[in-house]
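What follows is the content of model-v1.pdb, which has PDB, C-alpha atoms, pLDDT in the B column:
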```pdb
ATOM      1  CA  MET N   1     336.669 140.272 199.918  1.00 64.00           C
ATOM      2  CA  THR N   2     338.219 136.796 200.056  1.00 76.00           C
ATOM      3  CA  GLN N   3     336.160 133.972 198.641  1.00 86.00           C
ATOM      4  CA  ARG N   4     335.509 130.949 200.797  1.00 95.00           C
ATOM      5  CA  LYS N   5     337.290 127.730 199.905  1.00 97.00           C
ATOM      6  CA  LEU N   6     335.437 125.109 197.854  1.00 98.00           C
ATOM      7  CA  THR N   7     334.955 121.715 199.531  1.00 97.00           C
ATOM      8  CA  TYR N   8     336.612 119.703 196.741  1.00 97.00           C
ATOM      9  CA  LEU N   9     339.643 119.912 194.452  1.00 95.00           C
ATOM     10  CA  ASP N  10     339.974 120.755 190.774  1.00 91.00           C
ATOM     11  CA  PRO N  11     336.903 122.970 190.183  1.00 97.00           C
ATOM     12  CA  GLY N  12     335.449 123.768 186.786  1.00 97.00           C
ATOM     13  CA  ARG N  13     335.010 120.291 185.346  1.00 97.00           C
ATOM     14  CA  THR N  14     331.361 120.965 184.519  1.00 98.00           C
ATOM     15  CA  GLU N  15     332.300 123.764 182.126  1.00 98.00           C
ATOM     16  CA  ARG N  16     331.721 121.956 178.836  1.00 97.00           C
ATOM     17  CA  PRO N  17     330.813 124.221 175.923  1.00 97.00           C
ATOM     18  CA  TYR N  18     329.016 122.767 172.913  1.00 97.00           C
ATOM     19  CA  PRO N  19     329.882 120.234 171.458  1.00 96.00           C
ATOM     20  CA  VAL N  20     332.244 118.955 174.190  1.00 96.00           C
ATOM     21  CA  PRO N  21     330.699 115.702 175.471  1.00 96.00           C
ATOM     22  CA  LEU N  22     329.556 115.440 179.064  1.00 96.00           C
ATOM     23  CA  GLU N  23     330.891 111.896 179.303  1.00 95.00           C
ATOM     24  CA  GLY N  24     334.420 111.345 180.592  1.00 95.00           C
ATOM     25  CA  GLY N  25     336.932 113.467 182.455  1.00 95.00           C
ATOM     26  CA  TRP N  26     335.199 113.332 185.836  1.00 97.00           C
ATOM     27  CA  PRO N  27     337.133 112.947 189.094  1.00 96.00           C
ATOM     28  CA  PRO N  28     337.382 109.439 190.586  1.00 95.00           C
ATOM     29  CA  ARG N  29     335.571 108.400 193.778  1.00 94.00           C
ATOM     30  CA  TYR N  30     332.613 110.724 193.259  1.00 96.00           C
ATOM     31  CA  ARG N  31     329.024 109.784 192.476  1.00 94.00           C
ATOM     32  CA  LEU N  32     328.324 110.930 188.931  1.00 96.00           C
ATOM     33  CA  VAL N  33     324.968 112.054 187.566  1.00 96.00           C
ATOM     34  CA  LEU N  34     324.708 112.646 183.820  1.00 98.00           C
ATOM     35  CA  ARG N  35     321.224 113.126 182.465  1.00 98.00           C
ATOM     36  CA  GLU N  36     319.736 114.695 179.380  1.00 98.00           C
ATOM     37  CA  GLU N  37     316.299 115.062 177.903  1.00 98.00           C
ATOM     38  CA  ARG N  38     315.092 116.437 174.591  1.00 98.00           C
ATOM     39  CA  ILE N  39     312.315 118.936 175.213  1.00 98.00           C
ATOM     40  CA  PRO N  40     309.801 119.003 172.375  1.00 97.00           C
ATOM     41  CA  VAL N  41     308.370 122.513 172.023  1.00 98.00           C
ATOM     42  CA  LYS N  42     306.844 124.270 168.994  1.00 97.00           C
ATOM     43  CA  ASP N  43     309.691 126.774 168.772  1.00 98.00           C
ATOM     44  CA  PRO N  44     312.911 125.204 170.135  1.00 98.00           C
ATOM     45  CA  ALA N  45     314.848 128.486 169.770  1.00 98.00           C
ATOM     46  CA  LEU N  46     312.329 130.381 171.895  1.00 98.00           C
ATOM     47  CA  GLY N  47     312.167 127.437 174.313  1.00 98.00           C
ATOM     48  CA  PHE N  48     315.959 127.562 174.614  1.00 98.00           C
ATOM     49  CA  LEU N  49     315.868 131.256 175.543  1.00 98.00           C
ATOM     50  CA  ARG N  50     313.106 130.666 178.116  1.00 98.00           C
ATOM     51  CA  LEU N  51     314.896 127.674 179.597  1.00 98.00           C
ATOM     52  CA  VAL N  52     318.285 129.378 179.878  1.00 98.00           C
ATOM     53  CA  ASP N  53     316.732 132.512 181.358  1.00 98.00           C
ATOM     54  CA  GLY N  54     315.103 130.326 184.019  1.00 98.00           C
ATOM     55  CA  VAL N  55     318.332 128.437 184.680  1.00 98.00           C
ATOM     56  CA  LEU N  56     320.478 131.564 185.025  1.00 98.00           C
ATOM     57  CA  GLY N  57     317.780 133.439 186.983  1.00 98.00           C
ATOM     58  CA  TRP N  58     317.309 130.617 189.554  1.00 98.00           C
ATOM     59  CA  ASP N  59     313.733 129.815 188.469  1.00 98.00           C
ATOM     60  CA  LEU N  60     314.853 126.247 187.755  1.00 98.00           C
ATOM     61  CA  HIS N  61     315.791 125.879 191.426  1.00 98.00           C
ATOM     62  CA  ARG N  62     312.762 127.709 192.805  1.00 98.00           C
ATOM     63  CA  GLY N  63     310.389 125.758 190.570  1.00 97.00           C
ATOM     64  CA  SER N  64     311.960 122.521 191.793  1.00 97.00           C
ATOM     65  CA  GLY N  65     311.116 123.243 195.425  1.00 95.00           C
ATOM     66  CA  LEU N  66     314.356 124.848 196.586  1.00 96.00           C
ATOM     67  CA  TRP N  67     314.397 128.153 198.415  1.00 95.00           C
ATOM     68  CA  VAL N  68     316.621 130.781 196.773  1.00 97.00           C
ATOM     69  CA  ASP N  69     316.647 134.293 198.216  1.00 94.00           C
ATOM     70  CA  PRO N  70     314.594 136.557 195.898  1.00 93.00           C
ATOM     71  CA  GLY N  71     317.491 139.060 195.819  1.00 96.00           C
ATOM     72  CA  THR N  72     319.967 136.526 194.419  1.00 98.00           C
ATOM     73  CA  PRO N  73     321.503 137.977 191.229  1.00 98.00           C
ATOM     74  CA  ARG N  74     321.586 136.113 187.935  1.00 98.00           C
ATOM     75  CA  ALA N  75     324.205 133.339 187.924  1.00 98.00           C
ATOM     76  CA  ARG N  76     327.678 134.703 187.138  1.00 98.00           C
ATOM     77  CA  PRO N  77     331.182 133.503 188.003  1.00 98.00           C
ATOM     78  CA  GLY N  78     332.163 134.221 191.597  1.00 98.00           C
ATOM     79  CA  LEU N  79     328.600 134.636 192.888  1.00 98.00           C
ATOM     80  CA  GLU N  80     328.119 132.881 196.213  1.00 97.00           C
ATOM     81  CA  MET N  81     324.549 131.828 196.898  1.00 97.00           C
ATOM     82  CA  SER N  82     322.625 129.346 198.964  1.00 96.00           C
ATOM     83  CA  SER N  83     319.605 127.239 198.162  1.00 95.00           C
ATOM     84  CA  GLY N  84     317.696 125.444 200.841  1.00 91.00           C
ATOM     85  CA  VAL N  85     314.891 123.158 201.848  1.00 89.00           C
ATOM     86  CA  GLY N  86     312.602 123.600 204.823  1.00 86.00           C
ATOM     87  CA  ILE N  87     310.974 126.619 206.402  1.00 84.00           C
ATOM     88  CA  GLY N  88     312.484 129.558 208.295  1.00 82.00           C
ATOM     89  CA  PRO N  89     314.901 128.468 211.032  1.00 81.00           C
ATOM     90  CA  LEU N  90     314.322 124.817 210.052  1.00 82.00           C
ATOM     91  CA  ARG N  91     315.739 125.444 206.569  1.00 85.00           C
ATOM     92  CA  TRP N  92     318.830 123.454 205.596  1.00 85.00           C
ATOM     93  CA  HIS N  93     321.053 125.690 203.468  1.00 90.00           C
ATOM     94  CA  ALA N  94     323.373 124.453 200.747  1.00 95.00           C
ATOM     95  CA  PRO N  95     325.961 127.167 199.986  1.00 97.00           C
ATOM     96  CA  CYS N  96     327.653 127.202 196.574  1.00 98.00           C
ATOM     97  CA  ARG N  97     329.781 129.396 194.329  1.00 98.00           C
ATOM     98  CA  VAL N  98     329.025 129.852 190.645  1.00 98.00           C
ATOM     99  CA  LEU N  99     332.180 128.815 188.789  1.00 98.00           C
ATOM    100  CA  TRP N 100     331.131 129.595 185.227  1.00 98.00           C
ATOM    101  CA  SER N 101     328.090 130.845 183.365  1.00 98.00           C
ATOM    102  CA  THR N 102     327.288 131.167 179.698  1.00 98.00           C
ATOM    103  CA  GLU N 103     324.616 133.419 178.213  1.00 98.00           C
ATOM    104  CA  PRO N 104     322.918 132.498 174.904  1.00 98.00           C
ATOM    105  CA  MET N 105     324.618 133.567 171.678  1.00 98.00           C
ATOM    106  CA  LEU N 106     322.180 135.434 169.433  1.00 98.00           C
ATOM    107  CA  ASP N 107     322.269 136.185 165.710  1.00 97.00           C
ATOM    108  CA  ASP N 108     321.643 139.661 164.259  1.00 97.00           C
ATOM    109  CA  GLY N 109     317.895 139.009 164.386  1.00 96.00           C
ATOM    110  CA  GLY N 110     317.966 138.225 168.104  1.00 96.00           C
ATOM    111  CA  ARG N 111     317.440 134.471 167.647  1.00 97.00           C
ATOM    112  CA  PRO N 112     319.737 131.946 169.326  1.00 98.00           C
ATOM    113  CA  VAL N 113     322.425 130.464 167.119  1.00 98.00           C
ATOM    114  CA  PRO N 114     322.038 126.671 166.742  1.00 98.00           C
ATOM    115  CA  GLY N 115     324.895 124.576 168.113  1.00 98.00           C
ATOM    116  CA  GLN N 116     325.354 126.016 171.601  1.00 98.00           C
ATOM    117  CA  ARG N 117     324.980 125.386 175.315  1.00 98.00           C
ATOM    118  CA  ALA N 118     324.191 128.011 177.909  1.00 98.00           C
ATOM    119  CA  GLY N 119     323.767 127.755 181.660  1.00 98.00           C
ATOM    120  CA  PHE N 120     326.054 127.582 184.656  1.00 98.00           C
ATOM    121  CA  GLY N 121     327.956 125.364 187.041  1.00 98.00           C
ATOM    122  CA  TYR N 122     328.515 125.763 190.739  1.00 98.00           C
ATOM    123  CA  GLY N 123     330.733 124.184 193.352  1.00 98.00           C
ATOM    124  CA  THR N 124     329.977 123.437 196.975  1.00 98.00           C
ATOM    125  CA  LEU N 125     331.109 125.519 199.945  1.00 98.00           C
ATOM    126  CA  ARG N 126     331.395 124.552 203.603  1.00 96.00           C
ATOM    127  CA  GLY N 127     327.957 123.787 205.016  1.00 93.00           C
ATOM    128  CA  HIS N 128     326.673 122.077 201.866  1.00 93.00           C
ATOM    129  CA  PRO N 129     325.661 118.446 202.544  1.00 91.00           C
ATOM    130  CA  GLU N 130     327.648 117.331 199.493  1.00 94.00           C
ATOM    131  CA  ALA N 131     331.128 118.087 198.191  1.00 97.00           C
ATOM    132  CA  GLY N 132     331.285 118.502 194.431  1.00 98.00           C
ATOM    133  CA  GLU N 133     330.004 120.380 191.445  1.00 98.00           C
ATOM    134  CA  GLU N 134     326.877 120.556 189.314  1.00 98.00           C
ATOM    135  CA  GLY N 135     326.252 121.987 185.869  1.00 98.00           C
ATOM    136  CA  PHE N 136     322.881 122.949 184.354  1.00 98.00           C
ATOM    137  CA  TYR N 137     322.749 123.287 180.572  1.00 98.00           C
ATOM    138  CA  GLY N 138     320.211 124.388 178.025  1.00 98.00           C
ATOM    139  CA  GLU N 139     321.336 123.188 174.619  1.00 98.00           C
ATOM    140  CA  LEU N 140     320.172 124.109 171.141  1.00 98.00           C
ATOM    141  CA  SER N 141     321.645 121.478 168.845  1.00 98.00           C
ATOM    142  CA  GLU N 142     322.916 122.214 165.347  1.00 98.00           C
ATOM    143  CA  ASP N 143     319.726 120.684 163.929  1.00 98.00           C
ATOM    144  CA  GLY N 144     317.578 122.963 166.116  1.00 97.00           C
ATOM    145  CA  GLN N 145     316.544 120.497 168.844  1.00 98.00           C
ATOM    146  CA  LEU N 146     316.223 121.671 172.452  1.00 98.00           C
ATOM    147  CA  TYR N 147     317.838 119.694 175.281  1.00 98.00           C
ATOM    148  CA  PHE N 148     318.203 120.129 179.004  1.00 98.00           C
ATOM    149  CA  ARG N 149     321.229 118.474 180.595  1.00 98.00           C
ATOM    150  CA  ILE N 150     322.645 118.071 184.078  1.00 98.00           C
ATOM    151  CA  ALA N 151     326.153 116.908 184.935  1.00 98.00           C
ATOM    152  CA  ALA N 152     327.116 116.514 188.588  1.00 97.00           C
ATOM    153  CA  PHE N 153     329.756 114.797 190.658  1.00 98.00           C
ATOM    154  CA  SER N 154     329.505 114.642 194.419  1.00 96.00           C
ATOM    155  CA  ARG N 155     330.240 112.758 197.584  1.00 94.00           C
ATOM    156  CA  PRO N 156     328.958 113.220 201.135  1.00 92.00           C
ATOM    157  CA  ALA N 157     330.489 116.227 202.888  1.00 90.00           C
ATOM    158  CA  ASN N 158     329.992 114.836 206.378  1.00 85.00           C
ATOM    159  CA  LEU N 159     329.416 111.619 208.288  1.00 77.00           C
ATOM    160  CA  LEU N 160     325.658 112.168 208.720  1.00 76.00           C
ATOM    161  CA  ILE N 161     325.149 112.404 204.958  1.00 78.00           C
ATOM    162  CA  LYS N 162     327.468 109.443 204.372  1.00 80.00           C
ATOM    163  CA  VAL N 163     325.519 107.263 206.827  1.00 81.00           C
ATOM    164  CA  GLY N 164     322.266 108.236 205.108  1.00 77.00           C
ATOM    165  CA  GLY N 165     323.623 106.969 201.760  1.00 76.00           C
ATOM    166  CA  PRO N 166     320.506 105.414 200.185  1.00 79.00           C
ATOM    167  CA  LEU N 167     318.235 108.190 201.466  1.00 80.00           C
ATOM    168  CA  ASN N 168     320.718 110.798 200.256  1.00 81.00           C
ATOM    169  CA  ARG N 169     320.815 109.237 196.764  1.00 85.00           C
ATOM    170  CA  ARG N 170     316.997 109.125 196.618  1.00 90.00           C
ATOM    171  CA  THR N 171     316.839 112.791 197.637  1.00 87.00           C
ATOM    172  CA  GLN N 172     319.330 113.727 194.904  1.00 90.00           C
ATOM    173  CA  GLN N 173     317.296 111.728 192.367  1.00 94.00           C
ATOM    174  CA  MET N 174     314.094 113.437 193.503  1.00 95.00           C
ATOM    175  CA  PHE N 175     315.595 116.897 192.940  1.00 96.00           C
ATOM    176  CA  THR N 176     317.064 115.852 189.588  1.00 97.00           C
ATOM    177  CA  ASN N 177     313.602 114.700 188.496  1.00 98.00           C
ATOM    178  CA  ARG N 178     312.143 118.003 189.688  1.00 98.00           C
ATOM    179  CA  TYR N 179     314.764 119.960 187.731  1.00 98.00           C
ATOM    180  CA  PHE N 180     313.721 118.166 184.547  1.00 98.00           C
ATOM    181  CA  ARG N 181     309.986 118.762 185.171  1.00 98.00           C
ATOM    182  CA  THR N 182     310.696 122.438 185.820  1.00 98.00           C
ATOM    183  CA  ALA N 183     312.920 122.665 182.724  1.00 98.00           C
ATOM    184  CA  ARG N 184     310.043 121.394 180.552  1.00 98.00           C
ATOM    185  CA  ARG N 185     307.698 124.020 182.057  1.00 98.00           C
ATOM    186  CA  LEU N 186     310.248 126.805 181.637  1.00 98.00           C
ATOM    187  CA  ALA N 187     310.869 125.927 177.977  1.00 98.00           C
ATOM    188  CA  ALA N 188     307.121 125.845 177.297  1.00 98.00           C
ATOM    189  CA  GLY N 189     306.614 129.221 178.998  1.00 97.00           C
ATOM    190  CA  LYS N 190     304.456 127.673 181.734  1.00 94.00           C
ATOM    191  CA  ALA N 191     306.654 128.321 184.779  1.00 76.00           C
TER     192      ALA N 191
END
```
Show me, as structure tokens, the structure contained in the file I just sent.
Amino acid sequence: MTQRKLTYLDPGRTERPYPVPLEGGWPPRYRLVLREERIPVKDPALGFLRLVDGVLGWDLHRGSGLWVDPGTPRARPGLEMSSGVGIGPLRWHAPCRVLWSTEPMLDDGGRPVPGQRAGFGYGTLRGHPEAGEEGFYGELSEDGQLYFRIAAFSRPANLLIKVGGPLNRRTQQMFTNRYFRTARRLAAGKA
């Protein structure tokens, strides 16, 4: 089966394993979102595993108000999926392809090794309101702190989205805020 063409050039820029910085190296003429938050939980290693499981299993998206088909497999390279907002036939779908995914690295005792990122990045397909890529990262720093990070670059995929510039940016910000709220709940085991 032939994969559909991505709606932008040079895919894979969100693949940034620990400790590669998220700053720099982004394509010009795209809106860039880089955001991180330390998530204080009693057991950061366990929180990391919970968070990454929720990211890779689409619970981050579902918990943030996006519809993801319940049968969607865990994020893995090549997987084409669609999230959406709305209800039934009034749902606006945003098709994407997972470009990379990273599972947690565990030690012999089954605990995550400090100094790693896990998560995935996906790129937009035709029909998505934006053209670009987004990465979702759980990070367990070398000193055992838990972080959630998002890196995204995008631009409007059509004239309607371009004309709605300020509203479009507010909508993106709203979903980014929701992702971070959901990430905190996932890490705490409350989602």
Residue nearest N:Pro95 among N:Lys5, N:Arg50, N:Arg185, N:Arg62 (counting all atoms listed in the file):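 Of N:Lys5, N:Arg50, N:Arg185, N:Arg62, the one nearest N:Pro95 is N:Lys5, counting all atoms listed in the file.
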One decimal, in Å: what's the spacing between atom CA of N:Pro21 and atom CA of N:Gly144? 17.7 Å
Residues selected by the PyMOL selection byres ((chain N and resi 76) around 7), written as a PyMOL selection string: chain N and resi 74-75+77-79+98+100-101
Using the chain letters and numbering of this document, enumerate as a PDB file with C-alpha atoms, keeping the file's coordinate frame the residues selected by the PyMOL selection byres ((chain N and resi 138) around 9).
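The resulting file, selection06.pdb, is shown below:
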```pdb
ATOM      1  CA  PHE N  48     315.959 127.562 174.614  1.00 98.00           C
ATOM      2  CA  LEU N  49     315.868 131.256 175.543  1.00 98.00           C
ATOM      3  CA  LEU N  51     314.896 127.674 179.597  1.00 98.00           C
ATOM      4  CA  VAL N  52     318.285 129.378 179.878  1.00 98.00           C
ATOM      5  CA  VAL N  55     318.332 128.437 184.680  1.00 98.00           C
ATOM      6  CA  GLN N 116     325.354 126.016 171.601  1.00 98.00           C
ATOM      7  CA  ARG N 117     324.980 125.386 175.315  1.00 98.00           C
ATOM      8  CA  ALA N 118     324.191 128.011 177.909  1.00 98.00           C
ATOM      9  CA  GLY N 119     323.767 127.755 181.660  1.00 98.00           C
ATOM     10  CA  PHE N 136     322.881 122.949 184.354  1.00 98.00           C
ATOM     11  CA  TYR N 137     322.749 123.287 180.572  1.00 98.00           C
ATOM     12  CA  GLU N 139     321.336 123.188 174.619  1.00 98.00           C
ATOM     13  CA  LEU N 140     320.172 124.109 171.141  1.00 98.00           C
ATOM     14  CA  LEU N 146     316.223 121.671 172.452  1.00 98.00           C
ATOM     15  CA  TYR N 147     317.838 119.694 175.281  1.00 98.00           C
ATOM     16  CA  PHE N 148     318.203 120.129 179.004  1.00 98.00           C
ATOM     17  CA  ARG N 149     321.229 118.474 180.595  1.00 98.00           C
ATOM     18  CA  ALA N 183     312.920 122.665 182.724  1.00 98.00           C
TER      19      ALA N 183
END
```
Which of N:Ile39, N:Ile161, N:Leu99, N:Ile87 sits closest to N:Phe120 [using all atoms listed in the file]: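 Closest residue, counting all atoms listed in the file: N:Leu99.
The smallest atom-to-atom distance between N:Gly165 and any of N:Val113, N:Val68, N:Arg31, N:Gly127, using only C-alpha atoms, is found for N:Arg31.
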Measure the distance from atom CA of N:Ser64 to atom CA of N:Thr182 in Å and round it to one decimal.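 Distance between the two atoms: 6.1 Å.
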Shortest interatomic distance to N:Ser82 - which of N:Gly12, N:Leu46, N:Gly115, N:His128, counting only C-alpha atoms: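 When distances to N:Ser82 are compared using only C-alpha atoms, the smallest one comes from N:His128.
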Restrict the output to stretch 74-157 of chain N and C-alpha atoms, then write it as a PDB file, in the first residue's frame.
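Result went into decode-v2.pdb, see below:
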```
ATOM      1  CA  ARG N  74      -0.093   2.652  19.528  1.00  0.00           C
ATOM      2  CA  ALA N  75       1.992   5.307  17.752  1.00  0.00           C
ATOM      3  CA  ARG N  76       4.624   3.730  15.488  1.00  0.00           C
ATOM      4  CA  PRO N  77       6.397   4.945  12.350  1.00  0.00           C
ATOM      5  CA  GLY N  78       4.221   4.780   9.245  1.00  0.00           C
ATOM      6  CA  LEU N  79       0.899   4.686  11.114  1.00  0.00           C
ATOM      7  CA  GLU N  80      -1.664   6.963   9.498  1.00  0.00           C
ATOM      8  CA  MET N  81      -4.326   8.220  11.876  1.00  0.00           C
ATOM      9  CA  SER N  82      -6.766  11.058  12.225  1.00  0.00           C
ATOM     10  CA  SER N  83      -7.806  13.101  15.216  1.00  0.00           C
ATOM     11  CA  GLY N  84     -10.796  15.358  15.108  1.00  0.00           C
ATOM     12  CA  VAL N  85     -13.034  17.860  16.793  1.00  0.00           C
ATOM     13  CA  GLY N  86     -16.807  17.969  16.609  1.00  0.00           C
ATOM     14  CA  ILE N  87     -19.471  15.292  16.605  1.00  0.00           C
ATOM     15  CA  GLY N  88     -20.340  12.648  14.006  1.00  0.00           C
ATOM     16  CA  PRO N  89     -20.691  14.087  10.495  1.00  0.00           C
ATOM     17  CA  LEU N  90     -19.808  17.551  11.855  1.00  0.00           C
ATOM     18  CA  ARG N  91     -16.366  16.333  12.946  1.00  0.00           C
ATOM     19  CA  TRP N  92     -13.363  18.046  11.362  1.00  0.00           C
ATOM     20  CA  HIS N  93     -10.649  15.432  10.841  1.00  0.00           C
ATOM     21  CA  ALA N  94      -6.934  16.148  10.904  1.00  0.00           C
ATOM     22  CA  PRO N  95      -5.081  13.269   9.193  1.00  0.00           C
ATOM     23  CA  CYS N  96      -1.431  12.638  10.075  1.00  0.00           C
ATOM     24  CA  ARG N  97       1.317  10.050   9.707  1.00  0.00           C
ATOM     25  CA  VAL N  98       3.538   9.034  12.603  1.00  0.00           C
ATOM     26  CA  LEU N  99       7.111   9.665  11.457  1.00  0.00           C
ATOM     27  CA  TRP N 100       9.007   8.359  14.474  1.00  0.00           C
ATOM     28  CA  SER N 101       8.275   6.922  17.891  1.00  0.00           C
ATOM     29  CA  THR N 102      10.473   6.043  20.822  1.00  0.00           C
ATOM     30  CA  GLU N 103       9.554   3.666  23.635  1.00  0.00           C
ATOM     31  CA  PRO N 104      11.082   4.098  27.122  1.00  0.00           C
ATOM     32  CA  MET N 105      14.451   2.476  27.797  1.00  0.00           C
ATOM     33  CA  LEU N 106      14.308   0.350  30.949  1.00  0.00           C
ATOM     34  CA  ASP N 107      17.061  -0.988  33.199  1.00  0.00           C
ATOM     35  CA  ASP N 108      17.257  -4.630  34.328  1.00  0.00           C
ATOM     36  CA  GLY N 109      14.844  -3.852  37.167  1.00  0.00           C
ATOM     37  CA  GLY N 110      12.203  -2.487  34.800  1.00  0.00           C
ATOM     38  CA  ARG N 111      12.741   1.160  35.793  1.00  0.00           C
ATOM     39  CA  PRO N 112      13.311   3.850  33.163  1.00  0.00           C
ATOM     40  CA  VAL N 113      16.911   4.877  32.635  1.00  0.00           C
ATOM     41  CA  PRO N 114      17.483   8.571  33.475  1.00  0.00           C
ATOM     42  CA  GLY N 115      18.586  10.770  30.580  1.00  0.00           C
ATOM     43  CA  GLN N 116      16.052   9.892  27.885  1.00  0.00           C
ATOM     44  CA  ARG N 117      13.106  11.118  25.848  1.00  0.00           C
ATOM     45  CA  ALA N 118      10.275   8.966  24.585  1.00  0.00           C
ATOM     46  CA  GLY N 119       7.215   9.830  22.534  1.00  0.00           C
ATOM     47  CA  PHE N 120       6.456  10.409  18.884  1.00  0.00           C
ATOM     48  CA  GLY N 121       6.198  12.921  16.081  1.00  0.00           C
ATOM     49  CA  TYR N 122       3.719  13.100  13.259  1.00  0.00           C
ATOM     50  CA  GLY N 123       3.403  15.007  10.019  1.00  0.00           C
ATOM     51  CA  THR N 124       0.296  16.345   8.341  1.00  0.00           C
ATOM     52  CA  LEU N 125      -1.506  14.731   5.412  1.00  0.00           C
ATOM     53  CA  ARG N 126      -3.938  16.261   2.933  1.00  0.00           C
ATOM     54  CA  GLY N 127      -7.104  17.346   4.721  1.00  0.00           C
ATOM     55  CA  HIS N 128      -5.317  18.569   7.853  1.00  0.00           C
ATOM     56  CA  PRO N 129      -5.964  22.292   8.483  1.00  0.00           C
ATOM     57  CA  GLU N 130      -2.232  22.844   9.001  1.00  0.00           C
ATOM     58  CA  ALA N 131       0.879  21.784   7.110  1.00  0.00           C
ATOM     59  CA  GLY N 132       3.750  20.769   9.359  1.00  0.00           C
ATOM     60  CA  GLU N 133       4.907  18.479  12.097  1.00  0.00           C
ATOM     61  CA  GLU N 134       4.476  18.061  15.837  1.00  0.00           C
ATOM     62  CA  GLY N 135       6.463  16.117  18.403  1.00  0.00           C
ATOM     63  CA  PHE N 136       5.299  15.029  21.874  1.00  0.00           C
ATOM     64  CA  TYR N 137       8.013  14.096  24.364  1.00  0.00           C
ATOM     65  CA  GLY N 138       8.141  12.681  27.845  1.00  0.00           C
ATOM     66  CA  GLU N 139      11.598  13.287  29.257  1.00  0.00           C
ATOM     67  CA  LEU N 140      13.336  11.859  32.295  1.00  0.00           C
ATOM     68  CA  SER N 141      16.384  14.043  32.845  1.00  0.00           C
ATOM     69  CA  GLU N 142      19.729  12.720  34.049  1.00  0.00           C
ATOM     70  CA  ASP N 143      18.962  14.100  37.517  1.00  0.00           C
ATOM     71  CA  GLY N 144      15.611  12.267  37.582  1.00  0.00           C
ATOM     72  CA  GLN N 145      13.243  15.166  36.827  1.00  0.00           C
ATOM     73  CA  LEU N 146      10.155  14.594  34.673  1.00  0.00           C
ATOM     74  CA  TYR N 147       9.345  16.947  31.789  1.00  0.00           C
ATOM     75  CA  PHE N 148       6.716  17.101  29.095  1.00  0.00           C
ATOM     76  CA  ARG N 149       7.699  18.895  25.895  1.00  0.00           C
ATOM     77  CA  ILE N 150       6.046  19.806  22.619  1.00  0.00           C
ATOM     78  CA  ALA N 151       7.822  20.983  19.480  1.00  0.00           C
ATOM     79  CA  ALA N 152       5.748  21.925  16.441  1.00  0.00           C
ATOM     80  CA  PHE N 153       6.131  23.869  13.235  1.00  0.00           C
ATOM     81  CA  SER N 154       3.162  24.631  11.036  1.00  0.00           C
ATOM     82  CA  ARG N 155       1.520  26.972   8.602  1.00  0.00           C
ATOM     83  CA  PRO N 156      -2.042  27.122   7.277  1.00  0.00           C
ATOM     84  CA  ALA N 157      -2.803  24.389   4.747  1.00  0.00           C
TER      85      ALA N 157
END
```
